[in-house]
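entry.cif (mmCIF, C-alpha atoms and all ligand atoms) appears below.
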data_upload
loop_
_atom_site.label_atom_id
_atom_site.label_comp_id
_atom_site.auth_asym_id
_atom_site.auth_seq_id
_atom_site.Cartn_x
_atom_site.Cartn_y
_atom_site.Cartn_z
CA MET A 128 7.63 -2.88 72.79
CA GLN A 129 8.26 0.78 73.45
CA GLY A 130 7.88 4.27 72.00
CA VAL A 131 6.63 4.53 68.47
CA SER A 132 6.32 0.73 68.03
CA ARG A 133 3.92 0.46 70.98
CA ASN A 134 1.93 3.49 69.75
CA PHE A 135 1.52 1.86 66.34
CA PHE A 136 0.54 -1.44 67.96
CA LEU A 137 -2.18 0.23 70.09
CA LEU A 138 -3.41 2.11 67.01
CA ALA A 139 -3.53 -1.21 65.09
CA ILE A 140 -5.62 -2.87 67.82
CA ALA A 141 -8.05 0.09 67.87
CA TYR A 142 -8.43 -0.14 64.06
CA ALA A 143 -9.02 -3.92 64.25
CA ILE A 144 -11.77 -3.59 66.87
CA CYS A 145 -13.55 -0.71 65.05
CA GLY A 146 -13.14 -2.32 61.59
CA MET A 147 -14.41 -5.74 62.66
CA LEU A 148 -17.36 -4.15 64.48
CA LEU A 149 -18.20 -2.30 61.26
CA GLY A 150 -17.86 -5.61 59.32
CA LEU A 151 -20.27 -7.29 61.73
CA VAL A 152 -22.76 -4.39 61.45
CA MET A 153 -22.52 -4.62 57.64
CA SER A 154 -23.08 -8.39 57.71
CA ILE A 155 -25.98 -8.29 60.18
CA SER A 156 -27.74 -5.39 58.45
CA GLN A 157 -26.91 -6.80 54.99
CA ASP A 158 -26.00 -3.24 54.01
CA HIS A 159 -22.51 -3.19 52.51
CA THR A 160 -22.44 0.53 51.68
CA GLN A 161 -19.51 1.03 54.04
CA MET A 162 -17.41 -1.80 52.54
CA PRO A 163 -14.58 0.54 51.39
CA VAL A 164 -14.37 1.98 54.92
CA HIS A 165 -14.22 -1.53 56.44
CA ALA A 166 -11.60 -2.62 53.86
CA HIS A 167 -9.35 0.41 54.51
CA VAL A 168 -9.73 0.26 58.30
CA MET A 169 -8.73 -3.42 58.24
CA VAL A 170 -5.92 -3.32 55.69
CA ALA A 171 -4.55 0.25 55.71
CA GLY A 172 -5.33 0.54 59.45
CA TRP A 173 -4.89 -2.77 61.27
CA LEU A 174 -2.40 -4.46 58.92
CA MET A 175 -0.23 -1.45 58.02
CA SER A 176 -0.04 -0.16 61.61
CA SER A 177 0.96 -3.68 62.70
CA VAL A 178 3.73 -3.77 60.10
CA PHE A 179 4.98 -0.36 61.32
CA ALA A 180 4.78 -1.54 64.97
CA PHE A 181 6.88 -4.65 64.34
CA PHE A 182 9.30 -2.83 62.05
CA TYR A 183 10.07 -0.21 64.72
CA HIS A 184 10.29 -3.00 67.31
CA LEU A 185 12.85 -4.93 65.27
CA PHE A 186 14.90 -1.94 64.10
CA PRO A 187 16.01 0.21 67.07
CA ALA A 188 17.84 2.58 64.68
CA ALA A 189 14.50 3.48 63.07
CA ARG A 190 12.78 3.81 66.47
CA ALA A 191 15.52 6.21 67.62
CA SER A 192 15.00 8.54 64.65
CA SER A 193 13.57 11.93 65.59
CA LEU A 194 11.31 11.56 62.53
CA ALA A 195 9.67 8.37 63.88
CA PRO A 196 7.12 10.23 66.10
CA VAL A 197 6.37 12.55 63.14
CA HIS A 198 5.66 9.43 61.06
CA PHE A 199 3.38 8.06 63.79
CA TRP A 200 1.31 11.23 64.22
CA LEU A 201 1.08 11.95 60.48
CA THR A 202 -0.08 8.37 59.79
CA ALA A 203 -2.49 8.27 62.75
CA VAL A 204 -4.14 11.66 62.14
CA SER A 205 -4.36 11.35 58.34
CA GLY A 206 -5.48 7.69 58.46
CA ILE A 207 -8.28 8.45 60.91
CA ALA A 208 -9.32 11.54 58.86
CA LEU A 209 -9.34 9.32 55.75
CA VAL A 210 -11.57 6.54 57.12
CA VAL A 211 -13.87 8.72 59.26
CA GLY A 212 -14.28 11.17 56.35
CA LEU A 213 -14.95 8.28 53.94
CA PHE A 214 -17.58 6.91 56.35
CA PHE A 215 -19.52 10.19 56.26
CA LEU A 216 -18.93 10.60 52.51
CA LEU A 217 -20.45 7.17 51.80
CA ALA A 218 -23.28 7.98 54.20
CA GLY A 219 -24.21 10.82 51.84
CA ASN A 220 -22.29 13.90 53.10
CA ALA A 221 -20.56 15.00 49.91
CA SER A 222 -19.22 18.17 51.56
CA ILE A 223 -16.71 16.11 53.59
CA GLU A 224 -14.76 15.08 50.48
CA PRO A 225 -11.91 17.63 51.04
CA LEU A 226 -11.17 15.94 54.39
CA VAL A 227 -10.92 12.55 52.63
CA ALA A 228 -8.59 14.07 50.03
CA LEU A 229 -6.43 15.69 52.72
CA GLY A 230 -6.34 12.43 54.67
CA SER A 231 -5.32 10.49 51.54
CA PHE A 232 -2.43 12.84 50.71
CA GLY A 233 -1.33 12.86 54.37
CA PHE A 234 -1.39 9.06 54.49
CA PHE A 235 0.68 8.86 51.30
CA ALA A 236 3.15 11.43 52.69
CA GLY A 237 3.41 9.25 55.82
CA MET A 238 4.38 6.28 53.65
CA LEU A 239 7.08 8.35 51.91
CA LEU A 240 8.40 9.45 55.31
CA PHE A 241 8.46 5.80 56.44
CA ALA A 242 10.53 4.88 53.37
CA TRP A 243 12.97 7.70 54.26
CA ILE A 244 13.31 6.43 57.86
CA ALA A 245 13.15 2.68 57.25
CA ILE A 246 15.40 2.05 54.26
CA PRO A 247 18.59 3.46 55.87
CA ALA A 248 17.71 1.69 59.16
CA THR A 249 17.77 -1.72 57.43
CA ARG A 250 21.45 -1.18 56.65
CA VAL A 251 22.42 -0.95 60.33
CA TYR A 252 20.35 -3.93 61.50
CA GLN A 253 22.27 -6.21 63.86
CA VAL A 254 21.05 -9.67 64.72
CA GLN A 255 20.72 -10.06 68.49
CA PRO A 256 22.86 -12.91 69.87
CA ALA A 257 20.85 -15.97 70.91
CA PRO A 258 20.45 -16.29 74.72
CA ALA A 259 22.83 -18.79 76.34
CA GLU A 260 21.20 -22.13 77.19
C1 LIG B 301 -15.55 -9.72 62.35
C2 LIG B 301 -14.87 -10.01 61.25
C3 LIG B 301 -15.25 -9.49 59.89
C4 LIG B 301 -16.48 -9.31 59.34
C5 LIG B 301 -17.84 -9.58 59.93
C6 LIG B 301 -16.27 -8.80 57.97
C7 LIG B 301 -17.27 -8.50 57.07
C8 LIG B 301 -17.06 -8.05 55.79
C9 LIG B 301 -18.11 -7.75 54.82
C10 LIG B 301 -19.60 -7.90 55.08
C11 LIG B 301 -17.51 -7.32 53.69
C12 LIG B 301 -18.21 -6.84 52.39
C13 LIG B 301 -18.17 -7.92 51.34
C14 LIG B 301 -18.77 -7.40 50.04
O1 LIG B 301 -19.62 -6.49 50.06
O2 LIG B 301 -18.35 -7.90 48.98
C15 LIG B 301 -16.07 -7.35 53.90
C16 LIG B 301 -15.14 -6.98 52.97
C17 LIG B 301 -13.77 -6.90 53.21
N1 LIG B 301 -13.13 -7.25 54.40
FE1 LIG B 301 -14.02 -7.93 56.09
N2 LIG B 301 -14.91 -8.67 57.77
C18 LIG B 301 -14.25 -9.07 58.91
C19 LIG B 301 -12.89 -9.10 59.12
C20 LIG B 301 -11.94 -8.67 58.21
C21 LIG B 301 -10.51 -8.71 58.42
C22 LIG B 301 -9.85 -9.26 59.69
C23 LIG B 301 -9.93 -8.19 57.32
C24 LIG B 301 -8.47 -7.95 56.98
C25 LIG B 301 -7.48 -8.05 57.86
C26 LIG B 301 -10.99 -7.83 56.40
C27 LIG B 301 -10.79 -7.26 55.16
C28 LIG B 301 -11.78 -7.04 54.24
C29 LIG B 301 -11.52 -6.50 52.90
C30 LIG B 301 -10.16 -6.13 52.32
C31 LIG B 301 -12.78 -6.41 52.25
C32 LIG B 301 -13.05 -5.91 50.83
C33 LIG B 301 -13.01 -7.09 49.91
C34 LIG B 301 -13.28 -6.66 48.48
O3 LIG B 301 -12.65 -5.71 47.99
O4 LIG B 301 -14.15 -7.30 47.86
N3 LIG B 301 -12.19 -8.12 56.97
N4 LIG B 301 -15.83 -7.79 55.18
C1 LIG B 302 -3.61 7.26 49.73
C2 LIG B 302 -4.48 6.46 50.32
C3 LIG B 302 -5.49 5.62 49.57
C4 LIG B 302 -6.45 6.00 48.69
C5 LIG B 302 -6.75 7.41 48.20
C6 LIG B 302 -7.17 4.80 48.28
C7 LIG B 302 -8.23 4.77 47.37
C8 LIG B 302 -8.93 3.65 47.02
C9 LIG B 302 -10.03 3.63 46.07
C10 LIG B 302 -10.55 4.84 45.29
C11 LIG B 302 -10.50 2.35 46.02
C12 LIG B 302 -11.67 1.81 45.18
C13 LIG B 302 -12.92 1.83 46.03
C14 LIG B 302 -14.17 1.33 45.32
O1 LIG B 302 -14.11 1.02 44.11
O2 LIG B 302 -15.21 1.27 45.99
C15 LIG B 302 -9.70 1.56 46.94
C16 LIG B 302 -9.88 0.22 47.19
C17 LIG B 302 -9.09 -0.54 48.02
N1 LIG B 302 -7.98 -0.10 48.71
FE1 LIG B 302 -7.33 1.81 48.84
N2 LIG B 302 -6.62 3.72 48.90
C18 LIG B 302 -5.58 4.18 49.69
C19 LIG B 302 -4.75 3.43 50.48
C20 LIG B 302 -4.84 2.06 50.60
C21 LIG B 302 -3.92 1.26 51.37
C22 LIG B 302 -2.69 1.83 52.07
C23 LIG B 302 -4.37 -0.03 51.32
C24 LIG B 302 -3.80 -1.27 51.92
C25 LIG B 302 -2.73 -1.34 52.67
C26 LIG B 302 -5.59 -0.03 50.52
C27 LIG B 302 -6.37 -1.14 50.26
C28 LIG B 302 -7.47 -1.15 49.45
C29 LIG B 302 -8.31 -2.32 49.24
C30 LIG B 302 -8.11 -3.69 49.89
C31 LIG B 302 -9.32 -1.94 48.34
C32 LIG B 302 -10.45 -2.83 47.78
C33 LIG B 302 -11.65 -2.73 48.68
C34 LIG B 302 -12.65 -1.72 48.21
O3 LIG B 302 -13.09 -1.79 47.05
O4 LIG B 302 -13.02 -0.83 48.99
N3 LIG B 302 -5.84 1.26 50.10
N4 LIG B 302 -8.76 2.37 47.52
#

What does the file become when written as structure tokens?
Ligand code: HEM
Ligand code: HEM
Amino acid sequence: MQGVSRNFFLLAIAYAICGMLLGLVMSISQDHTQMPVHAHVMVAGWLMSSVFAFFYHLFPAARASSLAPVHFWLTAVSGIALVVGLFFLLAGNASIEPLVALGSFGFFAGMLLFAWIAIPATRVYQVQPAPAE
């Protein structure tokens, strides 16, 4: 794995560790206030970043796009703003809501950018020949 695919994979692992730790804290404390944060860290963080990582790994044409690093940084920064902001919002800091809104729109824009990069790249996919036995 290299470039953007490795960055997404490392981001995915970081989300998984933080999200599962939060899940354990929620379970042990029996306080599920942060459930939406846990859910988004696990699914929008760990699972989506993993999908991006393996997509860029499998499609070199997408990885070579000059927009791929823009997609990574937009998704990483907005996703982290979204879940960290939501954490403080659910903890009672209503004033942080604009950050959550900005993070949400950024994350959605990242998904649109991914569609722009990924759909054309699927047309130039070439199956690698199987290694000789
Ligand atoms: C250490 C492992 C984990 C622990 C201790 C844990 C704990 C929890 C807890 C306590 C809840 C709240 C349940 C409720 O209030 O109804 C929850 C919800 C949730 N968890 Fe986890 N979780 C873990 C791993 C995962 C993983 C690996 C994923 C996904 C890849 C995941 C996805 C979700 C989702 C999507 C919800 C929300 C479910 C709903 O909408 O009702 N969790 N988890
Ligand atoms: C633009 C970004 C997003 C926004 C603004 C957003 C917003 C929301 C809202 C308002 C809820 C209901 C929360 C509640 O009733 O407590 C929710 C739930 C949920 N969302 Fe998202 N979402 C976003 C992206 C995603 C993505 C990308 C995924 C998965 C790949 C996802 C997975 C979930 C799941 C599993 C739940 C149910 C768990 C829960 O109730 O917290 N969301 N989301």

Hey, which residues come within 10 Å of ligand LIG 302 (chain B) if we count all atoms listed in the file? Could you give them as a VMD selection string? chain A and resid 160 to 176 205 to 206 209 to 210 217 227 to 238

Closest of A:Met147, A:Leu213, A:Ala180, A:Val152 to Phe199 (chain A) - atom-to-atom distances counting all atoms listed in the file: A:Ala180

One-decimal distance in Å that lies between CA of Leu240 (chain A) and CA of Ala188 (chain A):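 It comes out at 15.0 Å.
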
Between A:Ala139, A:Val131, A:Ile144, A:Met153, smallest distance to ligand LIG 301 (chain B) by only C-alpha atoms and all ligand atoms belongs to A:Met153

Using all atoms listed in the file for the distances, tell me which of A:Phe186, A:Phe181, A:Tyr142, A:Trp200 is nearest to ligand LIG 301 (chain B). A:Tyr142

Length of the CA of Leu185 (chain A) to CA of Ala242 (chain A) vector [Å]: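 One can read the CA of Leu185 (chain A) to CA of Ala242 (chain A) distance as 15.6 Å.
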
Calculate how many Å separate CA of Phe215 (chain A) from CA of Gly150 (chain A), rounding to one decimal.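 Atom-to-atom, CA of Phe215 (chain A) to CA of Gly150 (chain A), that is 16.2 Å.
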
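Nearest to ligand LIG 301 (chain B) of all the residues A:Met128, A:Cys145, A:Leu239, A:Leu138 is A:Cys145, counting only C-alpha atoms and all ligand atoms.
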
Find the residue from A:Leu148, A:Ala143, A:Ile155, A:Ala195 that sits nearest to Ala245 (chain A); use all atoms listed in the file when measuring.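 With all atoms listed in the file as the atom set, the closest residue is A:Ala195.
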
Using all atoms listed in the file: which of A:Gly130, A:Gly146, A:Pro247, A:Pro225 has the shortest distance to Tyr183 (chain A):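 Ranked by minimum distance to Tyr183 (chain A), first place goes to A:Gly130.
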